[in-house]
Each structure stands twice: as C-alpha cells, then as structure tokens.
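So this one's structure-v1.cif, mmCIF, C-alpha atoms:
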```cif
data_run
#
loop_
_atom_site.label_atom_id
_atom_site.label_comp_id
_atom_site.auth_asym_id
_atom_site.auth_seq_id
_atom_site.Cartn_x
_atom_site.Cartn_y
_atom_site.Cartn_z
CA MET A 1282 9.46 -48.88 -160.20
CA THR A 1283 8.68 -52.37 -161.32
CA THR A 1284 8.55 -53.81 -164.74
CA ASP A 1285 5.50 -55.74 -165.92
CA ASP A 1286 7.58 -58.89 -165.74
CA THR A 1287 8.32 -58.71 -162.03
CA ARG A 1288 4.76 -57.64 -161.38
CA SER A 1289 3.31 -60.66 -163.09
CA ASP A 1290 5.91 -62.89 -161.47
CA TYR A 1291 4.76 -61.53 -158.11
CA GLN A 1292 1.15 -62.16 -159.12
CA GLN A 1293 1.85 -65.78 -160.04
CA ARG A 1294 3.73 -66.45 -156.83
CA LEU A 1295 1.00 -64.79 -154.77
CA ILE A 1296 -1.69 -66.92 -156.43
CA LEU A 1297 0.31 -70.05 -155.67
CA ALA A 1298 0.96 -69.01 -152.06
CA LEU A 1299 -2.75 -68.30 -151.48
CA ARG A 1300 -3.74 -71.57 -153.15
CA LEU A 1301 -1.49 -73.45 -150.77
CA LYS A 1302 -3.40 -71.77 -147.94
CA ASP A 1303 -6.77 -72.97 -149.36
CA VAL A 1304 -8.05 -69.47 -150.06
CA PRO A 1305 -11.12 -69.58 -152.37
CA GLY A 1306 -10.46 -68.58 -155.98
CA ASP A 1307 -12.66 -65.47 -155.95
CA ARG A 1308 -10.91 -64.18 -152.87
CA ILE A 1309 -7.51 -64.80 -154.47
CA GLY A 1310 -8.58 -62.81 -157.52
CA GLU A 1311 -9.64 -59.94 -155.29
CA ILE A 1312 -6.34 -59.92 -153.35
CA VAL A 1313 -4.21 -60.08 -156.51
CA ALA A 1314 -6.21 -57.28 -158.15
CA GLU A 1315 -5.78 -55.08 -155.06
CA VAL A 1316 -2.01 -55.56 -155.16
CA GLU A 1317 -1.85 -54.83 -158.88
CA SER A 1318 -4.06 -51.79 -158.67
CA HIS A 1319 -2.11 -50.40 -155.71
CA VAL A 1320 1.37 -50.81 -157.18
CA ALA A 1321 0.18 -49.46 -160.53
CA GLU A 1322 -0.99 -46.34 -158.69
CA THR A 1323 2.04 -45.85 -156.45
CA GLY A 1324 4.76 -47.22 -158.72
CA GLU A 1325 6.06 -49.19 -155.74
CA ASP A 1326 7.69 -52.56 -155.93
CA PRO A 1327 5.05 -55.09 -154.80
CA VAL A 1328 7.55 -56.68 -152.41
CA ASP A 1329 8.17 -53.29 -150.74
CA ALA A 1330 4.47 -52.53 -150.43
CA PHE A 1331 3.11 -55.97 -149.50
CA GLY A 1332 6.07 -58.11 -148.49
CA SER A 1333 7.02 -61.32 -150.24
CA PRO A 1334 4.09 -63.30 -151.71
CA ARG A 1335 4.54 -65.95 -149.04
CA GLN A 1336 4.57 -63.43 -146.19
CA TYR A 1337 1.54 -61.59 -147.53
CA ALA A 1338 -0.40 -64.83 -148.02
CA ALA A 1339 0.49 -65.91 -144.47
CA SER A 1340 -0.60 -62.57 -142.98
CA LEU A 1341 -3.92 -62.77 -144.82
CA THR A 1342 -4.71 -66.34 -143.92
CA ALA A 1343 -4.12 -65.76 -140.22
CA GLU A 1344 -7.61 -64.26 -140.34
CA HIS A 1345 -9.05 -66.51 -143.04
CA ARG A 1346 -12.18 -68.31 -141.95
CA PRO A 1347 -12.38 -71.81 -143.34
CA ASP A 1348 -15.68 -73.34 -144.50
CA PRO A 1349 -18.00 -74.39 -141.69
CA LYS A 1350 -17.78 -78.10 -140.86
CA TRP A 1351 -21.37 -78.82 -141.92
CA PHE A 1352 -20.60 -77.52 -145.40
CA THR A 1353 -17.67 -79.88 -145.79
CA ALA A 1354 -19.77 -82.75 -144.41
CA VAL A 1355 -22.70 -82.08 -146.78
CA SER A 1356 -20.31 -81.77 -149.75
CA LEU A 1357 -18.61 -85.05 -148.92
CA VAL A 1358 -21.82 -87.00 -148.33
CA GLY A 1359 -23.45 -85.43 -151.40
CA SER A 1360 -20.54 -86.21 -153.70
CA GLY A 1361 -20.27 -89.76 -152.34
CA LEU A 1362 -24.00 -90.37 -152.85
CA ALA A 1363 -23.94 -88.81 -156.31
CA GLY A 1364 -20.96 -90.89 -157.39
CA TRP A 1365 -22.53 -94.08 -156.06
CA LEU A 1366 -25.87 -93.42 -157.82
CA VAL A 1367 -24.17 -92.54 -161.10
CA ALA A 1368 -22.02 -95.66 -160.97
CA GLN A 1369 -24.90 -97.99 -160.04
CA GLY A 1370 -27.28 -96.33 -162.51
CA GLY A 1371 -24.69 -96.38 -165.28
CA LEU A 1372 -23.90 -100.03 -164.70
CA ALA A 1373 -27.61 -100.96 -164.62
CA VAL A 1374 -28.13 -99.11 -167.92
CA LEU A 1375 -25.17 -100.86 -169.53
CA LEU A 1376 -26.34 -104.28 -168.31
CA GLY A 1377 -29.94 -103.50 -169.29
CA GLU A 1378 -31.11 -104.36 -165.78
CA SER A 1379 -33.07 -102.46 -163.19
CA TYR A 1380 -31.62 -101.42 -159.88
CA TRP A 1381 -33.81 -101.49 -156.75
CA GLY A 1382 -36.81 -102.00 -159.03
CA GLN A 1383 -36.18 -98.82 -160.98
CA SER A 1384 -34.62 -98.11 -164.33
CA GLY A 1385 -30.89 -97.42 -164.31
CA TRP A 1386 -31.59 -94.14 -166.10
CA LEU A 1387 -33.57 -92.89 -163.09
CA TRP A 1388 -30.65 -93.53 -160.72
CA LEU A 1389 -28.22 -92.06 -163.18
CA ALA A 1390 -30.32 -88.89 -163.53
CA LEU A 1391 -30.75 -88.64 -159.75
CA GLY A 1392 -27.00 -88.98 -159.23
CA LEU A 1393 -26.30 -86.25 -161.78
CA ALA A 1394 -28.98 -84.01 -160.25
CA ILE A 1395 -27.27 -84.28 -156.86
CA GLY A 1396 -23.70 -84.21 -158.09
CA VAL A 1397 -23.63 -81.63 -160.86
CA PRO A 1398 -24.78 -78.49 -158.96
CA GLY A 1399 -22.54 -79.33 -156.01
CA GLY A 1400 -19.69 -80.11 -158.34
CA ILE A 1401 -20.10 -76.81 -160.13
CA SER A 1402 -20.18 -74.80 -156.91
CA VAL A 1403 -17.10 -76.56 -155.52
CA TRP A 1404 -15.38 -76.13 -158.86
CA ARG A 1405 -16.14 -72.42 -159.01
CA ARG A 1406 -15.13 -71.75 -155.45
CA SER A 1407 -12.04 -73.84 -155.38
CA THR A 1408 -10.39 -73.44 -158.71
CA ARG A 1409 -11.27 -70.28 -160.59
CA VAL A 1410 -9.14 -67.27 -159.82
CA ARG A 1411 -11.29 -64.55 -161.30
CA ASP A 1412 -10.09 -61.02 -161.85
CA PRO A 1413 -12.84 -58.90 -160.22
CA ARG A 1414 -12.11 -56.05 -162.64
CA THR A 1415 -12.60 -57.94 -165.88
CA GLY A 1416 -14.08 -61.32 -164.96
CA ALA A 1417 -11.18 -62.96 -166.78
CA ASP A 1418 -9.27 -65.89 -165.35
CA LEU A 1419 -5.98 -64.90 -163.77
CA GLU A 1420 -4.67 -68.42 -164.04
CA PRO A 1421 -4.43 -70.46 -167.20
CA PHE A 1422 -6.79 -73.42 -166.96
CA SER A 1423 -5.46 -76.89 -167.73
CA PRO A 1424 -8.12 -79.20 -169.15
CA GLY A 1425 -6.06 -82.27 -168.20
CA GLY A 1426 -7.26 -82.21 -164.59
CA LEU A 1427 -10.90 -82.06 -165.62
CA VAL A 1428 -10.44 -85.01 -168.00
CA VAL A 1429 -8.93 -87.13 -165.21
CA LEU A 1430 -11.65 -86.04 -162.77
CA ILE A 1431 -14.56 -86.92 -165.05
CA GLY A 1432 -12.88 -89.70 -167.03
CA SER A 1433 -11.70 -91.95 -164.22
CA PRO A 1434 -15.15 -92.84 -162.75
CA ILE A 1435 -16.40 -93.58 -166.28
CA VAL A 1436 -13.44 -95.91 -166.83
CA VAL A 1437 -14.21 -97.69 -163.53
CA VAL A 1438 -17.85 -98.26 -164.52
CA LEU A 1439 -16.82 -99.53 -167.96
CA LEU A 1440 -14.26 -101.88 -166.41
CA ALA A 1441 -16.92 -103.23 -164.03
CA PHE A 1442 -19.27 -103.70 -166.98
CA ALA A 1443 -16.58 -105.51 -168.95
CA ALA A 1444 -15.74 -107.71 -165.95
CA ILE A 1445 -19.40 -108.67 -165.44
CA ARG A 1446 -19.81 -109.41 -169.16
CA ILE A 1447 -16.69 -111.56 -169.31
CA PHE A 1448 -16.90 -113.39 -165.99
CA GLY A 1449 -20.59 -112.99 -165.07
CA MET B 1429 6.83 -35.56 -138.90
CA ASP B 1430 8.91 -38.66 -138.56
CA THR B 1431 10.70 -36.98 -135.68
CA ASP B 1432 7.68 -37.87 -133.52
CA GLU B 1433 8.41 -41.11 -131.82
CA THR B 1434 5.17 -42.93 -132.30
CA PRO B 1435 5.27 -46.62 -131.45
CA THR B 1436 3.81 -48.66 -134.27
CA GLU B 1437 1.35 -50.43 -131.97
CA TRP B 1438 -0.44 -47.14 -131.31
CA LEU B 1439 -1.24 -46.85 -135.00
CA ARG B 1440 -2.16 -50.52 -135.18
CA ALA B 1441 -4.70 -50.01 -132.39
CA VAL B 1442 -6.51 -47.15 -134.05
CA LEU B 1443 -5.81 -47.72 -137.77
CA SER B 1444 -9.05 -49.44 -138.65
CA LEU B 1445 -11.08 -46.70 -136.95
CA ILE B 1446 -9.14 -44.00 -138.83
CA VAL B 1447 -9.53 -45.84 -142.14
CA LEU B 1448 -13.26 -46.12 -141.50
CA ALA B 1449 -13.37 -42.39 -140.74
CA ILE B 1450 -11.56 -41.53 -144.00
CA VAL B 1451 -13.92 -43.68 -146.08
CA ALA B 1452 -16.90 -42.18 -144.22
CA GLU B 1453 -15.89 -38.73 -145.49
CA GLY B 1454 -16.57 -39.90 -149.01
CA GLU B 1455 -16.19 -42.91 -151.26
CA THR B 1456 -12.51 -43.54 -151.91
CA TYR B 1457 -9.88 -46.18 -152.75
CA GLY B 1458 -6.81 -47.64 -151.08
CA TYR B 1459 -4.14 -45.41 -152.52
CA VAL B 1460 -5.97 -42.23 -151.47
CA VAL B 1461 -6.51 -43.61 -147.96
CA ALA B 1462 -2.74 -44.25 -147.71
CA GLN B 1463 -2.01 -40.71 -148.89
CA ARG B 1464 -4.44 -39.21 -146.38
CA LEU B 1465 -2.76 -41.12 -143.56
CA GLN B 1466 0.64 -39.90 -144.65
CA ALA B 1467 -0.51 -36.30 -145.09
CA ALA B 1468 -1.95 -36.38 -141.57
CA GLY B 1469 1.50 -37.22 -140.23
CA LEU B 1470 0.76 -40.82 -139.34
CA GLY B 1471 3.58 -42.15 -141.50
CA THR B 1472 3.60 -44.55 -144.41
CA VAL B 1473 1.05 -47.32 -144.15
CA LYS B 1474 2.05 -50.04 -146.57
CA GLY B 1475 -0.41 -51.74 -148.89
CA GLY B 1476 0.19 -55.01 -147.06
CA THR B 1477 -1.22 -53.41 -143.90
CA LEU B 1478 -3.91 -51.23 -145.42
CA TYR B 1479 -5.81 -53.68 -147.65
CA PRO B 1480 -6.33 -56.31 -144.96
CA VAL B 1481 -7.78 -53.54 -142.76
CA LEU B 1482 -10.14 -52.42 -145.53
CA ASN B 1483 -11.20 -56.00 -146.18
CA ARG B 1484 -11.83 -56.70 -142.52
CA LEU B 1485 -14.05 -53.62 -142.35
CA GLU B 1486 -15.87 -54.93 -145.40
CA ASP B 1487 -16.27 -58.39 -143.87
CA ALA B 1488 -17.76 -56.71 -140.81
CA GLU B 1489 -20.24 -54.96 -143.17
CA LEU B 1490 -19.01 -51.53 -142.14
CA LEU B 1491 -17.87 -50.85 -145.72
CA THR B 1492 -18.88 -52.05 -149.18
CA SER B 1493 -16.63 -52.14 -152.21
CA SER B 1494 -16.87 -52.12 -155.98
CA TRP B 1495 -14.33 -52.21 -158.77
CA ARG B 1496 -14.41 -49.44 -161.29
CA GLU B 1497 -12.53 -48.90 -164.49
CA GLY B 1498 -9.53 -46.63 -164.03
CA VAL B 1499 -8.49 -44.03 -166.63
CA GLY B 1500 -5.83 -45.93 -168.56
CA GLY B 1501 -5.09 -47.86 -165.36
CA PRO B 1502 -6.00 -51.31 -164.14
CA GLY B 1503 -9.17 -50.30 -162.26
CA ARG B 1504 -9.70 -49.20 -158.69
CA LYS B 1505 -11.51 -50.74 -155.77
CA PHE B 1506 -13.74 -48.06 -154.28
CA PHE B 1507 -14.94 -48.34 -150.70
CA THR B 1508 -18.14 -46.79 -149.34
CA VAL B 1509 -19.30 -46.65 -145.74
CA THR B 1510 -22.52 -48.46 -144.80
CA PRO B 1511 -25.11 -47.10 -142.32
CA ARG B 1512 -23.81 -49.68 -139.88
CA GLY B 1513 -20.30 -48.36 -140.48
CA ARG B 1514 -21.41 -44.85 -139.57
CA GLU B 1515 -22.97 -46.05 -136.33
CA HIS B 1516 -19.83 -48.00 -135.50
CA LEU B 1517 -17.67 -44.96 -136.28
CA ALA B 1518 -19.69 -42.68 -134.01
CA ALA B 1519 -19.68 -45.14 -131.12
CA ARG B 1520 -15.99 -45.99 -131.41
CA THR B 1521 -14.95 -42.36 -131.83
CA ALA B 1522 -16.70 -41.48 -128.58
CA ALA B 1523 -15.09 -44.47 -126.88
CA TRP B 1524 -11.67 -43.52 -128.23
CA ARG B 1525 -12.03 -39.96 -126.89
CA THR B 1526 -12.94 -41.22 -123.44
CA PHE B 1527 -10.08 -43.69 -123.51
CA THR B 1528 -7.42 -41.19 -124.58
CA GLU B 1529 -8.67 -38.59 -122.07
CA ARG B 1530 -8.39 -41.13 -119.27
CA ALA B 1531 -4.95 -42.17 -120.43
CA THR B 1532 -3.82 -38.57 -120.75
CA GLY B 1533 -5.14 -37.89 -117.24
CA LEU B 1534 -2.68 -40.41 -115.87
CA LEU B 1535 0.30 -39.12 -117.82
CA PRO B 1536 2.52 -36.39 -116.40
CA THR B 1537 1.89 -32.91 -117.83
CA GLU B 1538 4.49 -31.47 -120.16
CA ARG B 1539 5.70 -29.02 -117.52
CA SER B 1540 6.28 -31.68 -114.89
CA THR B 1541 8.37 -33.84 -117.25
CA THR B 1542 10.86 -31.05 -118.01
#
```
For the structure just supplied, provide its representation as structure tokens.
Amino acid sequence: MTTDDTRSDYQQRLILALRLKDVPGDRIGEIVAEVESHVAETGEDPVDAFGSPRQYAASLTAEHRPDPKWFTAVSLVGSGLAGWLVAQGGLAVLLGESYWGQSGWLWLALGLAIGVPGGISVWRRSTRVRDPRTGADLEPFSPGGLVVLIGSPIVVVLLAFAAIRIFG
Amino acid sequence: MDTDETPTEWLRAVLSLIVLAIVAEGETYGYVVAQRLQAAGLGTVKGGTLYPVLNRLEDAELLTSSWREGVGGPGRKFFTVTPRGREHLAARTAAWRTFTERATGLLPTERSTT
C-alpha cells in the first residue's frame, strides 16, 4: 500500500521526468492520471507497478513522436515575424511615426494577430499539465515566467524608444 | 500457473493482440484487463507494461478511450474497440493461428521428447 504522500511524490517526479523528455502537457496529464487511477485500484506501490518515474518516462518516450519539422519551422518563423511586427509597430506608435507608409497600430495589430493564436497553442501544448479526469492543472502555475516572457520585449521596445528620444 | 516456463518475449509478442481481444469483448479499463490476463494464466502484467500497450492501440486508432468518474475513486479510463480495431483483431488472430500452427508443426511432439 502507498500513502497519499508517496503517491503525490511519485506524481511530481513523473511530471518532471516527462517534462525533461519534452512530452506535451496534455499527454503528461493523461499518463499521470493512468498511474494514479491504476494504483488506486490495485493498492500497489507506483514504483512496483510502473518502475521509477525516470524509468517509466524513458520507456514511454522511446516511442514518443516529436512534432513534425514543418510545425517547428512555422512556429519559429511565425513567432519571429510576430515579434518583429509588434516591436516595429509599437515603436512607430510611440514615436508617432508611420512604418512602411502605414500606421504603427496596423503593424502592431498584425503582429498580435499572428503571434497571439500561435503563442496560445504553444503555451497550451507545452506547459499545461491537465488532469483529464477533472480538467484541473496537475502542476502549480508560476506567474513569474509569464511576466518575464511578456515583459522583456516590452522593456526592449521602451528602451529603444527612450534611446531614440534621448539621442535621436 | 507460474510453473509453466513461459519466456517473457512470447507474451511481449502477442500482448497487444490479447489486450485488443479483451477490450473487444466489451468496454473495459486497465485494471480489469490486467486481472483478465492474470486469470487466464498469463502472469502479472504490470501497469508500466499494460498502459503503453493500450495507448499504442489507441494511437493506431484500434481503440478509443474516455475518462469516467469512479465510485469514490479517482476515475477510470475506459477503452472501447473501434471498427478498425475489430478488423485488425480478426486479421491478426487468423495470422497468429497460422503462425503458431506452423511453429508447432516444426516442434517435436510430446511423445518424442520423453
């Protein structure tokens, strides 16, 4: 028999091990829920039934199919383009100038239109470990990472704006 | 039952077909599949072996799955065979029969080994 403590310790270590193998969040949730459901039913120790978290993660990822190359390429180009448009558009808006004969707002909106859906899909696939039984997150979410992710490009644009204002 | 000396690779070769056959008898979940295997004398199949097999069958669209609330438990993942799964099962079962008959044909009969 296992106590809830060792079970949740196993769960945490399994999530980490699968993360290190680049398994998508939804898939991780599914795997963790299967382990939990099985050991709850049998009363087995998860290590006896599935092996150590690291072993189990390794055995699962031997068959894991990574994203096709075109998907990675489209994501990279899309995010690069979106970031560039947002930065150029944002700067043009701040300086009150047009960029390529169009209002900075237009470029800003275009950049967001390209970047936001892609960003959301990457975010969902790569970070959320969802419990398929309840839809709840299995992993506590730290807002710090999101702040850095969104905040740093804004800081760069503001710095560029400040530099142009001061030295331009 | 454990007195039978069955090499583990024999089970490995046929496990996914047997698991498919068990699910094809009626919608079921992992724990019950493991119990059926044990009751049939095929030994203990650990969760770490069984769930990857179930998920591979699902990836191949031979099974579908859905989570359902358990009674006081943490929910169960039920597996159901797809029409494609049934076709696959029929074809592979026939192939398995042919294969084992051919193999048996080459093995010495019980009388000649004693």
Residue list for chain B near chain A as a PyMOL selection string, 6 Å, all atoms listed in the file: chain B and resi 1474-1476+1495+1502
Write to file, as an mmCIF file, in the coordinates of the input, the residues of the selection just made, with C-alpha atoms.
```cif
data_model
loop_
_atom_site.group_PDB
_atom_site.id
_atom_site.type_symbol
_atom_site.label_atom_id
_atom_site.label_comp_id
_atom_site.auth_asym_id
_atom_site.auth_seq_id
_atom_site.Cartn_x
_atom_site.Cartn_y
_atom_site.Cartn_z
ATOM 1 C CA LYS B 1474 2.050 -50.040 -146.570
ATOM 2 C CA GLY B 1475 -0.410 -51.740 -148.890
ATOM 3 C CA GLY B 1476 0.190 -55.010 -147.060
ATOM 4 C CA TRP B 1495 -14.330 -52.210 -158.770
ATOM 5 C CA PRO B 1502 -6.000 -51.310 -164.140
#
```
Result set, the PyMOL selection byres ((chain B and resi 1448-1454) around 12) on current file, as a PDB file with C-alpha atoms, in the frame of the given file:
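Once written, part00.pdb looks like this:
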```pdb
ATOM      1  CA  VAL B1442      -6.510 -47.150-134.050  1.00  0.00           C
ATOM      2  CA  LEU B1443      -5.810 -47.720-137.770  1.00  0.00           C
ATOM      3  CA  SER B1444      -9.050 -49.440-138.650  1.00  0.00           C
ATOM      4  CA  LEU B1445     -11.080 -46.700-136.950  1.00  0.00           C
ATOM      5  CA  ILE B1446      -9.140 -44.000-138.830  1.00  0.00           C
ATOM      6  CA  VAL B1447      -9.530 -45.840-142.140  1.00  0.00           C
ATOM      7  CA  GLU B1455     -16.190 -42.910-151.260  1.00  0.00           C
ATOM      8  CA  THR B1456     -12.510 -43.540-151.910  1.00  0.00           C
ATOM      9  CA  TYR B1457      -9.880 -46.180-152.750  1.00  0.00           C
ATOM     10  CA  GLY B1458      -6.810 -47.640-151.080  1.00  0.00           C
ATOM     11  CA  TYR B1459      -4.140 -45.410-152.520  1.00  0.00           C
ATOM     12  CA  VAL B1460      -5.970 -42.230-151.470  1.00  0.00           C
ATOM     13  CA  VAL B1461      -6.510 -43.610-147.960  1.00  0.00           C
ATOM     14  CA  ALA B1462      -2.740 -44.250-147.710  1.00  0.00           C
ATOM     15  CA  GLN B1463      -2.010 -40.710-148.890  1.00  0.00           C
ATOM     16  CA  ARG B1464      -4.440 -39.210-146.380  1.00  0.00           C
ATOM     17  CA  LEU B1465      -2.760 -41.120-143.560  1.00  0.00           C
ATOM     18  CA  ALA B1468      -1.950 -36.380-141.570  1.00  0.00           C
ATOM     19  CA  LEU B1478      -3.910 -51.230-145.420  1.00  0.00           C
ATOM     20  CA  VAL B1481      -7.780 -53.540-142.760  1.00  0.00           C
ATOM     21  CA  LEU B1482     -10.140 -52.420-145.530  1.00  0.00           C
ATOM     22  CA  ASN B1483     -11.200 -56.000-146.180  1.00  0.00           C
ATOM     23  CA  ARG B1484     -11.830 -56.700-142.520  1.00  0.00           C
ATOM     24  CA  LEU B1485     -14.050 -53.620-142.350  1.00  0.00           C
ATOM     25  CA  GLU B1486     -15.870 -54.930-145.400  1.00  0.00           C
ATOM     26  CA  ALA B1488     -17.760 -56.710-140.810  1.00  0.00           C
ATOM     27  CA  GLU B1489     -20.240 -54.960-143.170  1.00  0.00           C
ATOM     28  CA  LEU B1490     -19.010 -51.530-142.140  1.00  0.00           C
ATOM     29  CA  LEU B1491     -17.870 -50.850-145.720  1.00  0.00           C
ATOM     30  CA  THR B1492     -18.880 -52.050-149.180  1.00  0.00           C
ATOM     31  CA  SER B1493     -16.630 -52.140-152.210  1.00  0.00           C
ATOM     32  CA  PHE B1506     -13.740 -48.060-154.280  1.00  0.00           C
ATOM     33  CA  PHE B1507     -14.940 -48.340-150.700  1.00  0.00           C
ATOM     34  CA  THR B1508     -18.140 -46.790-149.340  1.00  0.00           C
ATOM     35  CA  VAL B1509     -19.300 -46.650-145.740  1.00  0.00           C
ATOM     36  CA  THR B1510     -22.520 -48.460-144.800  1.00  0.00           C
ATOM     37  CA  PRO B1511     -25.110 -47.100-142.320  1.00  0.00           C
ATOM     38  CA  ARG B1512     -23.810 -49.680-139.880  1.00  0.00           C
ATOM     39  CA  GLY B1513     -20.300 -48.360-140.480  1.00  0.00           C
ATOM     40  CA  ARG B1514     -21.410 -44.850-139.570  1.00  0.00           C
ATOM     41  CA  GLU B1515     -22.970 -46.050-136.330  1.00  0.00           C
ATOM     42  CA  HIS B1516     -19.830 -48.000-135.500  1.00  0.00           C
ATOM     43  CA  LEU B1517     -17.670 -44.960-136.280  1.00  0.00           C
ATOM     44  CA  ALA B1518     -19.690 -42.680-134.010  1.00  0.00           C
ATOM     45  CA  ALA B1519     -19.680 -45.140-131.120  1.00  0.00           C
ATOM     46  CA  ARG B1520     -15.990 -45.990-131.410  1.00  0.00           C
ATOM     47  CA  THR B1521     -14.950 -42.360-131.830  1.00  0.00           C
TER      48      THR B1521
END
```
Residue members of the PyMOL selection byres ((chain A and resi 1299) around 9) in the file shown, as a ChimeraX atom specification: /A:1294-1298,1300-1306,1309,1334-1335,1337-1339,1341-1342
Gap from atom CA of Tyr1291 of chain A to atom CA of Val1410 of chain A - Å, one decimal: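 About the pair atom CA of Tyr1291 of chain A and atom CA of Val1410 of chain A: they are 15.1 Å apart.
Residue selection for this entry, given the PyMOL selection byres ((chain B and resi 1435-1438) around 12), comprises Asp1430, Thr1431, Asp1432, Glu1433, Thr1434, Leu1439, Arg1440, Ala1441, Val1442, Leu1443, Ser1444, Ile1446, Leu1470, Gly1471, Thr1472, Val1473, Thr1477 and Thr1528 of chain B.
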